[in-house]
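Enquirer: To be precise about what I am sending: the file is called input_38.cif and holds mmCIF, C-alpha atoms.
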data_start
loop_
_atom_site.label_atom_id
_atom_site.label_comp_id
_atom_site.auth_asym_id
_atom_site.auth_seq_id
_atom_site.Cartn_x
_atom_site.Cartn_y
_atom_site.Cartn_z
CA MET A 14 64.82 6.92 214.13
CA ALA A 15 67.41 4.31 213.29
CA GLN A 16 67.90 3.66 209.59
CA ARG A 17 66.76 0.21 208.58
CA ALA A 18 69.12 -1.88 206.45
CA ARG A 19 68.54 -0.86 202.86
CA PRO A 20 68.01 -3.54 200.20
CA LEU A 21 71.10 -4.29 198.13
CA SER A 22 71.12 -4.17 194.36
CA PRO A 23 71.05 -7.71 192.89
CA PHE A 24 74.58 -7.46 191.51
CA MET A 25 75.92 -6.95 195.08
CA HIS A 26 74.96 -10.41 196.34
CA TYR A 27 74.01 -12.71 193.47
CA ARG A 28 76.25 -15.71 192.77
CA TRP A 29 78.80 -15.01 190.05
CA GLN A 30 77.76 -16.76 186.82
CA TYR A 31 78.63 -16.84 183.14
CA THR A 32 75.65 -14.60 182.38
CA ASN A 33 76.87 -11.62 184.39
CA THR A 34 80.46 -12.22 183.24
CA LEU A 35 79.40 -11.89 179.60
CA SER A 36 77.27 -8.87 180.53
CA ILE A 37 80.00 -6.95 182.35
CA VAL A 38 82.52 -7.73 179.60
CA HIS A 39 80.02 -6.28 177.11
CA ARG A 40 79.93 -3.07 179.17
CA ILE A 41 83.69 -2.88 179.61
CA THR A 42 84.37 -3.48 175.91
CA GLY A 43 81.70 -0.86 175.11
CA VAL A 44 83.46 1.74 177.25
CA LEU A 45 86.84 0.80 175.70
CA LEU A 46 85.38 1.08 172.19
CA SER A 47 84.07 4.57 173.02
CA PHE A 48 87.68 5.60 173.55
CA GLY A 49 88.57 3.63 170.43
CA PHE A 50 86.15 5.87 168.51
CA LEU A 51 88.13 8.90 169.68
CA LEU A 52 91.29 7.22 168.30
CA LEU A 53 89.51 6.64 164.97
CA VAL A 54 88.60 10.34 164.83
CA TYR A 55 92.22 11.25 165.68
CA TRP A 56 93.40 9.08 162.76
CA MET A 57 90.86 10.63 160.35
CA ALA A 58 91.60 14.18 161.52
CA ALA A 59 95.33 13.58 161.07
CA ALA A 60 94.71 12.34 157.51
CA ALA A 61 92.60 15.45 156.86
CA ALA A 62 95.38 17.70 158.19
CA GLY A 63 97.77 16.64 155.41
CA PRO A 64 100.60 14.16 154.76
CA GLU A 65 103.04 15.50 157.40
CA ARG A 66 100.54 15.45 160.27
CA TYR A 67 99.35 12.06 159.10
CA ALA A 68 102.89 10.64 159.12
CA ALA A 69 103.35 11.90 162.69
CA ALA A 70 100.05 10.30 163.74
CA LEU A 71 101.08 7.00 162.13
CA ASP A 72 104.30 7.10 164.17
CA THR A 73 102.24 7.58 167.34
CA LEU A 74 99.79 4.81 166.40
CA GLY A 75 102.69 2.51 165.49
CA SER A 76 104.32 2.77 168.92
CA PRO A 77 104.32 -0.46 170.96
CA LEU A 78 101.89 0.98 173.54
CA ALA A 79 99.44 2.18 170.86
CA GLN A 80 99.70 -1.17 169.07
CA LEU A 81 98.85 -2.94 172.33
CA VAL A 82 95.83 -0.65 172.76
CA LEU A 83 94.72 -1.28 169.15
CA PHE A 84 95.21 -5.04 169.66
CA GLY A 85 92.92 -4.90 172.71
CA LEU A 86 90.40 -2.72 170.83
CA THR A 87 90.29 -5.29 168.01
CA PHE A 88 89.16 -7.99 170.44
CA SER A 89 86.80 -5.55 172.15
CA PHE A 90 85.23 -4.75 168.77
CA CYS A 91 84.74 -8.42 167.89
CA TYR A 92 83.32 -9.30 171.31
CA HIS A 93 80.96 -6.32 171.44
CA LEU A 94 79.82 -7.03 167.86
CA LEU A 95 79.11 -10.74 168.45
CA ASN A 96 77.58 -10.33 171.92
CA GLY A 97 75.59 -7.35 170.64
CA ILE A 98 74.06 -9.55 167.95
CA ARG A 99 73.33 -12.13 170.69
CA HIS A 100 71.53 -9.44 172.66
CA LEU A 101 69.49 -8.38 169.63
CA PHE A 102 68.19 -11.96 169.46
CA PHE A 103 67.37 -11.78 173.19
CA ASP A 104 65.52 -8.51 172.55
CA MET A 105 63.42 -10.27 169.92
CA GLY A 106 62.57 -12.98 172.44
CA HIS A 107 64.87 -15.74 171.18
CA GLY A 108 67.57 -17.80 172.87
CA PHE A 109 66.48 -17.59 176.51
CA GLU A 110 66.53 -21.38 177.13
CA LEU A 111 69.42 -22.19 179.48
CA LYS A 112 71.12 -24.51 177.00
CA THR A 113 70.79 -22.04 174.12
CA ALA A 114 71.92 -19.05 176.17
CA ARG A 115 74.94 -20.94 177.47
CA ALA A 116 75.88 -22.21 174.00
CA SER A 117 75.53 -18.75 172.42
CA GLY A 118 77.60 -17.32 175.28
CA TRP A 119 80.44 -19.74 174.60
CA ALA A 120 80.12 -19.13 170.86
CA VAL A 121 80.49 -15.38 171.48
CA ALA A 122 83.52 -15.78 173.76
CA ILE A 123 85.41 -18.21 171.50
CA GLY A 124 84.20 -16.49 168.33
CA ALA A 125 85.47 -13.12 169.58
CA LEU A 126 88.96 -14.53 170.22
CA LEU A 127 89.15 -16.19 166.78
CA LEU A 128 87.55 -13.29 164.88
CA GLY A 129 89.79 -10.87 166.79
CA LEU A 130 92.92 -12.67 165.60
CA VAL A 131 91.61 -12.85 162.01
CA VAL A 132 90.69 -9.13 161.98
CA TRP A 133 94.00 -8.08 163.58
CA PHE A 134 96.19 -9.93 161.10
CA ALA A 135 93.96 -9.16 158.09
CA VAL A 136 93.91 -5.41 158.88
CA ARG A 137 97.68 -5.40 159.55
CA ALA A 138 98.26 -7.10 156.22
CA GLY A 139 95.88 -4.66 154.53
CA LEU A 140 97.56 -1.61 156.05
CA GLY A 141 101.06 -2.93 155.47
CA GLY A 142 102.04 -3.43 159.11
CA GLY A 143 101.20 0.21 159.94
CA ALA A 144 98.49 1.28 162.35
CA MET B 4 44.82 26.28 179.98
CA SER B 5 47.09 24.15 177.90
CA LEU B 6 46.40 23.06 174.35
CA ARG B 7 48.47 19.90 174.87
CA SER B 8 46.51 16.71 175.47
CA PRO B 9 46.59 15.16 178.95
CA LEU B 10 48.54 12.19 177.54
CA ARG B 11 51.17 14.45 175.95
CA ARG B 12 51.62 16.31 179.26
CA VAL B 13 52.41 13.18 181.26
CA THR B 14 54.37 11.23 178.65
CA GLY B 15 57.94 10.86 179.84
CA LEU B 16 57.19 11.88 183.42
CA GLY B 17 57.43 8.33 184.79
CA SER B 18 60.63 7.04 186.38
CA ALA B 19 61.88 5.80 183.00
CA LYS B 20 61.36 9.25 181.37
CA GLY B 21 62.58 8.82 177.78
CA GLY B 22 63.77 5.26 178.50
CA ALA B 23 61.88 3.53 175.71
CA SER B 24 63.22 5.76 172.94
CA HIS B 25 66.74 5.53 174.43
CA TRP B 26 66.48 1.74 174.42
CA TYR B 27 65.18 1.72 170.85
CA ALA B 28 67.81 4.14 169.56
CA GLN B 29 70.53 2.00 171.12
CA ARG B 30 69.32 -1.05 169.16
CA ILE B 31 68.88 0.83 165.88
CA THR B 32 72.38 2.34 166.10
CA ALA B 33 73.72 -1.12 167.07
CA VAL B 34 72.38 -2.69 163.86
CA ALA B 35 73.74 0.20 161.78
CA LEU B 36 77.13 0.02 163.52
CA ALA B 37 77.43 -3.74 163.00
CA LEU B 38 77.17 -3.12 159.24
CA LEU B 39 79.29 0.05 159.19
CA GLY B 40 81.93 -1.51 161.47
CA LEU B 41 82.29 -4.50 159.17
CA TRP B 42 82.49 -2.11 156.22
CA LEU B 43 85.36 -0.25 157.94
CA VAL B 44 87.25 -3.50 158.66
CA VAL B 45 86.83 -4.67 155.04
CA SER B 46 87.93 -1.22 153.78
CA LEU B 47 91.08 -1.31 155.93
CA VAL B 48 91.90 -4.85 154.78
CA LYS B 49 91.46 -3.84 151.13
CA MET B 50 93.38 -0.58 151.47
CA GLY B 51 96.77 -2.02 150.59
CA GLY B 52 98.80 0.29 152.83
CA ALA B 53 98.09 2.94 155.47
CA THR B 54 99.74 5.70 153.41
CA HIS B 55 98.20 9.15 153.14
CA ASP B 56 97.43 8.90 149.41
CA ARG B 57 95.63 5.58 149.97
CA ILE B 58 93.38 7.16 152.61
CA VAL B 59 92.67 10.10 150.30
CA ALA B 60 91.90 7.75 147.40
CA TRP B 61 89.62 5.68 149.63
CA LEU B 62 87.51 8.63 150.85
CA ALA B 63 87.51 10.28 147.42
CA SER B 64 84.80 7.76 146.52
CA PRO B 65 81.42 9.35 147.37
CA VAL B 66 80.07 6.01 148.64
CA ALA B 67 83.02 5.51 150.99
CA ALA B 68 82.78 9.12 152.20
CA ALA B 69 79.04 8.70 152.87
CA PHE B 70 79.60 5.49 154.81
CA ALA B 71 82.45 7.09 156.76
CA VAL B 72 80.25 10.06 157.77
CA LEU B 73 77.47 7.66 158.78
CA LEU B 74 79.99 5.59 160.76
CA VAL B 75 81.27 8.62 162.68
CA ILE B 76 77.77 9.89 163.55
CA THR B 77 76.37 6.46 164.44
CA ALA B 78 79.41 5.45 166.50
CA ALA B 79 79.34 8.71 168.48
CA TRP B 80 75.60 8.37 169.06
CA HIS B 81 75.83 4.72 170.15
CA ALA B 82 78.80 5.49 172.41
CA VAL B 83 76.90 8.32 174.13
CA LEU B 84 73.82 6.11 174.65
CA GLY B 85 75.96 3.33 176.12
CA LEU B 86 78.14 5.55 178.31
CA GLN B 87 74.99 7.29 179.56
CA VAL B 88 73.63 3.96 180.85
CA VAL B 89 76.94 3.12 182.53
CA ILE B 90 77.13 6.55 184.19
CA GLU B 91 73.50 6.46 185.32
CA ASP B 92 74.04 2.98 186.78
CA TYR B 93 77.25 3.68 188.71
CA VAL B 94 77.30 7.40 189.57
CA GLY B 95 74.82 7.85 192.39
CA ASP B 96 75.38 11.52 193.24
CA LYS B 97 73.09 13.67 191.08
CA GLY B 98 75.53 16.53 190.61
CA ARG B 99 78.41 14.29 189.63
CA ARG B 100 76.13 12.29 187.36
CA LEU B 101 75.03 15.42 185.51
CA ALA B 102 78.64 16.60 185.24
CA ALA B 103 79.80 13.24 183.87
CA LEU B 104 76.95 13.15 181.35
CA LEU B 105 77.75 16.69 180.19
CA VAL B 106 81.44 15.88 179.74
CA VAL B 107 80.64 12.70 177.78
CA LYS B 108 77.98 14.31 175.57
CA PHE B 109 80.05 17.42 174.80
CA SER B 110 83.21 15.37 174.12
CA PHE B 111 81.49 13.02 171.73
CA ALA B 112 79.63 15.84 170.00
CA VAL B 113 82.99 17.55 169.37
CA ALA B 114 84.57 14.27 168.25
CA ALA B 115 81.68 13.58 165.87
CA VAL B 116 81.93 17.05 164.29
CA VAL B 117 85.73 16.74 163.95
CA GLY B 118 85.33 13.29 162.40
CA VAL B 119 82.69 14.42 159.90
CA LEU B 120 84.69 17.51 158.91
CA ALA B 121 87.82 15.35 158.50
CA VAL B 122 86.01 12.96 156.15
CA LEU B 123 84.47 15.84 154.15
CA ARG B 124 87.81 17.65 153.92
CA ILE B 125 89.41 14.54 152.44
CA ALA B 126 86.37 13.74 150.28
CA PHE B 127 86.37 17.24 148.73
CA GLY B 128 90.11 17.04 148.05
CA VAL B 129 91.25 19.75 150.48
CA ALA B 130 93.69 17.44 152.25
CA ALA B 131 95.45 16.06 149.16
#
If you convert what's in this file into structure tokens, what do you get?

Expert:
Amino acid sequence: MAQRARPLSPFMHYRWQYTNTLSIVHRITGVLLSFGFLLLVYWMAAAAAGPERYAAALDTLGSPLAQLVLFGLTFSFCYHLLNGIRHLFFDMGHGFELKTARASGWAVAIGALLLGLVVWFAVRAGLGGGA
Amino acid sequence: MSLRSPLRRVTGLGSAKGGASHWYAQRITAVALALLGLWLVVSLVKMGGATHDRIVAWLASPVAAAFAVLLVITAAWHAVLGLQVVIEDYVGDKGRRLAALLVVKFSFAVAAVVGVLAVLRIAFGVAA
């Protein structure tokens, strides 16, 4: 018997909109932050291993490539935090009206960029230009 | 004959299995992480230098050490819950899905233990 055409998952054929853009960015930043957590553990473990190991780890984390990764993780953190709070409001049944959802979406996107810059420069200043 | 009630025997056997508790745990860890993440950012800003003795002084405070342990456990837990959803959504093959879930869960369990031990080692002054 010939196989009938199987139904496609909604994400395969729905029109691309701001809603699914925000959603997929939340996922991607979540996956990136999971790797960021491993970096945080690496940093803590290096500190626990003593001053010499820690100095070596700081050199690694201070390399241009690592700084670029940390820069990206800073924005990922801010986006995931803000959009996560947005989702908690959704979970409680608030903010579903089109106007509200669109406004909160823009607030999250712009807020993440601004907060990301603030956090990056504040943490750099706090850590003395190190990691 | 089973002593378990009929409800207990079927709970979790639907297509969602433990979906509700997974969903709930993801939200609870999200709220905790929002607070602990902000605490980490504020701590790093206030540290006044990423030197080894500053880190040691920071985690020598019992409150900071407690928050750091909570951060490591909560972050690992939340990461596993989130990665599990991503894997279950995109990896169709059952064998590969199980393998991916095992790798993720084992890796983050190891990372969490390493992170907690690192914080405790510093907190108890072994790393000074």

Enquirer: Counting all atoms listed in the file, which residues of chain A fall within 7 Å of chain B, and what is the closest atom pair for each with its distance in Å at one decimal, ordered by chain and rising number, as JSON lines?

Expert:
{"residue": "A:Val44", "atom": "CA", "partner": "B:Leu86", "partner_atom": "CA", "distance": 6.6}
{"residue": "A:Ser47", "atom": "CA", "partner": "B:Ala82", "partner_atom": "CA", "distance": 5.4}
{"residue": "A:Leu51", "atom": "CA", "partner": "B:Ala114", "partner_atom": "CA", "distance": 6.6}
{"residue": "A:Val54", "atom": "CA", "partner": "B:Gly118", "partner_atom": "CA", "distance": 5.0}
{"residue": "A:Met57", "atom": "CA", "partner": "B:Ala121", "partner_atom": "CA", "distance": 5.9}
{"residue": "A:Ala58", "atom": "CA", "partner": "B:Ala121", "partner_atom": "CA", "distance": 5.0}
{"residue": "A:Ala60", "atom": "CA", "partner": "B:His55", "partner_atom": "CA", "distance": 6.4}
{"residue": "A:Ala61", "atom": "CA", "partner": "B:Ala121", "partner_atom": "CA", "distance": 5.1}
{"residue": "A:Ala62", "atom": "CA", "partner": "B:Ala130", "partner_atom": "CA", "distance": 6.2}
{"residue": "A:Gly63", "atom": "CA", "partner": "B:Ala130", "partner_atom": "CA", "distance": 5.2}
{"residue": "A:Pro64", "atom": "CA", "partner": "B:His55", "partner_atom": "CA", "distance": 5.8}
{"residue": "A:Tyr67", "atom": "CA", "partner": "B:His55", "partner_atom": "CA", "distance": 6.7}
{"residue": "A:Leu94", "atom": "CA", "partner": "B:Ala37", "partner_atom": "CA", "distance": 6.3}
{"residue": "A:Ala135", "atom": "CA", "partner": "B:Val48", "partner_atom": "CA", "distance": 5.8}
{"residue": "A:Val136", "atom": "CA", "partner": "B:Val48", "partner_atom": "CA", "distance": 4.6}
{"residue": "A:Ala138", "atom": "CA", "partner": "B:Val48", "partner_atom": "CA", "distance": 6.9}
{"residue": "A:Gly139", "atom": "CA", "partner": "B:Val48", "partner_atom": "CA", "distance": 4.0}
{"residue": "A:Leu140", "atom": "CA", "partner": "B:Gly52", "partner_atom": "CA", "distance": 3.9}
{"residue": "A:Gly141", "atom": "CA", "partner": "B:Gly52", "partner_atom": "CA", "distance": 4.7}
{"residue": "A:Gly143", "atom": "CA", "partner": "B:Ala53", "partner_atom": "CA", "distance": 6.1}

Enquirer: For the structure shown, which residues end up in the PyMOL selection byres ((chain A and resi 29-33) around 12)? Put them as a list in words, please?

Expert: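 When the PyMOL selection byres ((chain A and resi 29-33) around 12) is applied, the selected residues are Pro23, Phe24, Met25, His26, Tyr27, Arg28, Thr34, Leu35, Ser36, Ile37, Val38, His39, Arg40, Asn96, His100, Phe109, Leu111, Ala114, Arg115, Ala116, Ser117, Gly118, Trp119, Val121 and Ala122 of chain A.
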
Enquirer: So, with all atoms listed in the file as the atoms that count, which of A:Cys91, A:Glu110, A:Met105, A:Ala120 lies closest to Gly43 (chain A)?

Expert: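 Result for the nearest residue to Gly43 (chain A): A:Cys91.
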
Enquirer: Work out how far apart CA of Ala70 (chain A) and CA of Tyr55 (chain A) are and give it in Å to one decimal.

Expert: 8.1 Å

Enquirer: Using all atoms listed in the file, find the one residue out of B:Ser18, B:Ala67, B:Thr32, B:Val106 that sits nearest to Leu84 (chain B).

Expert: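 Smallest distance to Leu84 (chain B) is found for B:Thr32.
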